[in-house]
Amino acid sequence: MSNSQPFASTPSLGTVPAFRVHTLAYRRTETPFVSHQVSLEDAALALGQRVGDEACRYASDAGPIDDYVVSSTVLSQFLADGSPHAGYFQEAIATQYGRRPDWVTNAYECTGWGFILRYIQGKAQFSGRRRLLLQIVDTDIHNFTYWLGNNRWGNSGFGICTLVIDVIPEAKNMLVIGTSSQANALLQLGRNLRSFTESRPGLGIAVPFFPEMSRRALFKCFDTSSVHADHYQRFGHSFGSDPWLSLLGELGAGSAHTGSDCIVSSLAMNGYFSIAQITLAPDLHYALEGEM
Amino acid sequence: MKSAQTCSLLLQRNPDYNLAIPCSARNLPLLETQDYARRSVYAHDNPAPVLVNNQQYYTLLSTLAQYIWDSCGEQTLLLAQVRMPSIDLALPKNLLDPRVTMGAHLWNEALFWARQLQTPVVWISAEQIRRDLWDGGDNLLHIAAWNTAQTPAITEWFLPDLDYFAAQVHTSPVHEPFTTSQPKCTHVQV
């Protein structure tokens, strides 16, 4: 696939929040998550229970949820294909949280959160502001070696990110989604980060967690003075959760603050990228590994 | 919202039938002996043939999307249920378009849009098309369309375009494919 322009015009600094984050939590999952003797049904139930537990813990007090979506890169196809096992996964979530996800996607890999925000903003155009519960679930119930890490993204980190985000229809140009060839993916992410951040000076920038060599290549493309600290050594590449973990790191360190804006970004191995300006709510609830 | 037109099509033949094609399916690499064991845990018997590889699967989805826009109008929203992921194969660009949403359990989302819009909305269930021995599925493609003209019938739109799959209209219990995997919407008239 040839390089292409983003599917939105180059944004300018917005004044109205488009994506206001009310809850941000991450918890790692064990590797392997289940032993190889565990049946597919039990594995689906175990992961669903864990996902539902996280939703219950962090979204139960978030008020009415309009949309509940699960996104993933590594989620087993058996849990997202309409099969009975996908049903067990959903039912286990509902048992813990009281509601099934409305839909699940592992089509967009690490950038799924951006595609979901775009979609929900489309719905909000018709129905007004929508409160989204988004869980980024990257746990491989099969424990395939491929997902443990490789030379493309380094060592992997597995876990569940739970986000409650108000999606506001009026705000435009706060999200860029694009695609490029795999070979140029880092470069294109960097170039688009440059375009996006130039009109947003001073905002913190969360980038994916990659090994040092990839990070250096990305950093050649834009002004990195506001990029968050790197947490690759601690968490590994945690797929679509990277920018949100990055934010949690900054909040924990006191270098990001509730009520402020920042920029989050992700890159998929197939070359898709998502970049967004998000606003941390003044009453943001956040937790890393259960620590508020 | 107009009532939905629905159809189920059984795909019976590889689109490159009689041609030599690369056998690479771009599935997840099995890197260690243990990976084969991990995979075999969930092996199952399935008499339905493995019909396509990932490249052909993406081409089918991309072609359907373009065909739907050509037939129903450029503004048509498409919600496609797919089995993912595949490795090292990017989705065709038109499937990343804002008019397309891909995932699982999208029936209720399709209903939302069908009620909101006067313009066509199309839901496709393509997750039962087999690409690997590991896959479940029966190679049935289910399609529902709202806010479209009632004639020609929906099967007449798609059958000629899926000729290279030897697609055949599949008679199944009324509406069953359109509700069984969508427990929240069994009460909804389609």
# chains A, B, ... in the order shown; residues from 1 in each chain; ligands from 1
call {"tool": "residues_around", "arguments": {"residues": "Thr76 of chain B", "least_positions_apart": "5", "cutoff": "7 Å", "atoms": "only C-alpha atoms", "output": "list in words"}}
result
Trp69, Thr119, Pro120 and Val121 of chain B
call {"tool": "interface_residues", "arguments": {"of": "chain B", "to": "chain A", "cutoff": "7 Å", "atoms": "only C-alpha atoms", "output": "list in words"}}
result
Pro29, Leu31, Glu32, Asp35, Arg38, Tyr42, Val82, Arg83, Met84, Pro85, Asp88, Leu89, Ala90, Met102, Gly103, Ala104, His105, Leu106, Glu127 and Ser181 of chain B
call {"tool": "closest_residue", "arguments": {"among": "A:Ser246, A:Asn155, A:Ser260, A:Thr224", "to": "Arg20 of chain A", "atoms": "only C-alpha atoms"}}
result
A:Ser260
call {"tool": "select_by_dssp", "arguments": {"residues": "segment 93-269 of chain A", "states": "strand (DSSP E)", "output": "count of residues only"}}
result
40
call {"tool": "residues_around", "arguments": {"residues": "Thr148 of chain B", "least_positions_apart": "4", "cutoff": "10 Å", "atoms": "only C-alpha atoms", "output": "list in words"}}
result
Met1, Lys2, Ser3, Ala4, Gln5, Ser71, Cys72, Gly73, Thr76, Gln118, Thr119, Pro120, Val121, Val122, Pro152, Ala153 and Ile154 of chain B
call {"tool": "closest_residue", "arguments": {"among": "B:Ala126, B:Ala37, B:Ala145, B:Val52", "to": "Thr6 of chain B", "atoms": "only C-alpha atoms"}}
result
B:Ala145
call {"tool": "select_by_dssp", "arguments": {"residues": "segment 79-153 of chain B", "states": "helix (DSSP H, G or I)", "output": "PyMOL selection string"}}
result
chain B and resi 93-96+107-116
call {"tool": "write_last_selection", "arguments": {"atoms": "C-alpha atoms", "output": "mmCIF file, in the first residue's frame"}}
result
data_model
loop_
_atom_site.group_PDB
_atom_site.id
_atom_site.type_symbol
_atom_site.label_atom_id
_atom_site.label_comp_id
_atom_site.auth_asym_id
_atom_site.auth_seq_id
_atom_site.Cartn_x
_atom_site.Cartn_y
_atom_site.Cartn_z
ATOM 1 C CA LYS B 93 -7.527 1.545 2.160
ATOM 2 C CA ASN B 94 -11.249 1.709 1.456
ATOM 3 C CA LEU B 95 -11.931 -0.445 4.525
ATOM 4 C CA LEU B 96 -10.285 2.200 6.726
ATOM 5 C CA TRP B 107 -25.810 -5.685 14.433
ATOM 6 C CA ASN B 108 -27.118 -3.240 17.005
ATOM 7 C CA GLU B 109 -24.807 -0.564 15.668
ATOM 8 C CA ALA B 110 -26.291 -1.118 12.228
ATOM 9 C CA LEU B 111 -29.769 -0.728 13.696
ATOM 10 C CA PHE B 112 -28.730 2.527 15.373
ATOM 11 C CA TRP B 113 -27.628 4.000 12.072
ATOM 12 C CA ALA B 114 -30.572 2.611 10.151
ATOM 13 C CA ARG B 115 -32.895 4.484 12.516
ATOM 14 C CA GLN B 116 -30.861 7.690 12.478
#
call {"tool": "residues_around", "arguments": {"residues": "segment 134-137 of chain A", "least_positions_apart": "5", "cutoff": "10 Å", "atoms": "only C-alpha atoms", "output": "VMD selection string"}}
result
chain A and resid 23 to 26 28 to 29 47 to 48 50 to 52 54 to 55 59 67 to 75 101 104 to 106 110 112 to 113 116 to 117 158 to 165 238 to 241 244
call {"tool": "atom_distance", "arguments": {"atom1": "atom CA of Leu77 of chain B", "atom2": "atom CA of Arg99 of chain B"}}
result
4.9 Å
call {"tool": "residues_around", "arguments": {"residues": "segment 247-258 of chain A", "least_positions_apart": "6", "cutoff": "8 Å", "atoms": "only C-alpha atoms", "output": "ChimeraX atom specification"}}
result
/A:24-25,204,206,228-229,231,280-284,286-288
call {"tool": "residues_around", "arguments": {"residues": "Pro64 of chain A", "least_positions_apart": "4", "cutoff": "10 Å", "atoms": "only C-alpha atoms", "output": "PyMOL selection string"}}
result
chain A and resi 59-60+130-133
call {"tool": "atom_distance", "arguments": {"atom1": "atom CA of Gly98 of chain A", "atom2": "atom CA of Asp138 of chain A"}}
result
21.5 Å
call {"tool": "closest_residue", "arguments": {"among": "A:Thr95, A:Thr197, A:Asn150, A:Ser266", "to": "Phe209 of chain A", "atoms": "only C-alpha atoms"}}
result
A:Ser266
call {"tool": "closest_residue", "arguments": {"among": "B:Leu51, B:Pro92, B:Asp70, B:Phe158", "to": "Asp16 of chain B", "atoms": "only C-alpha atoms"}}
result
B:Leu51
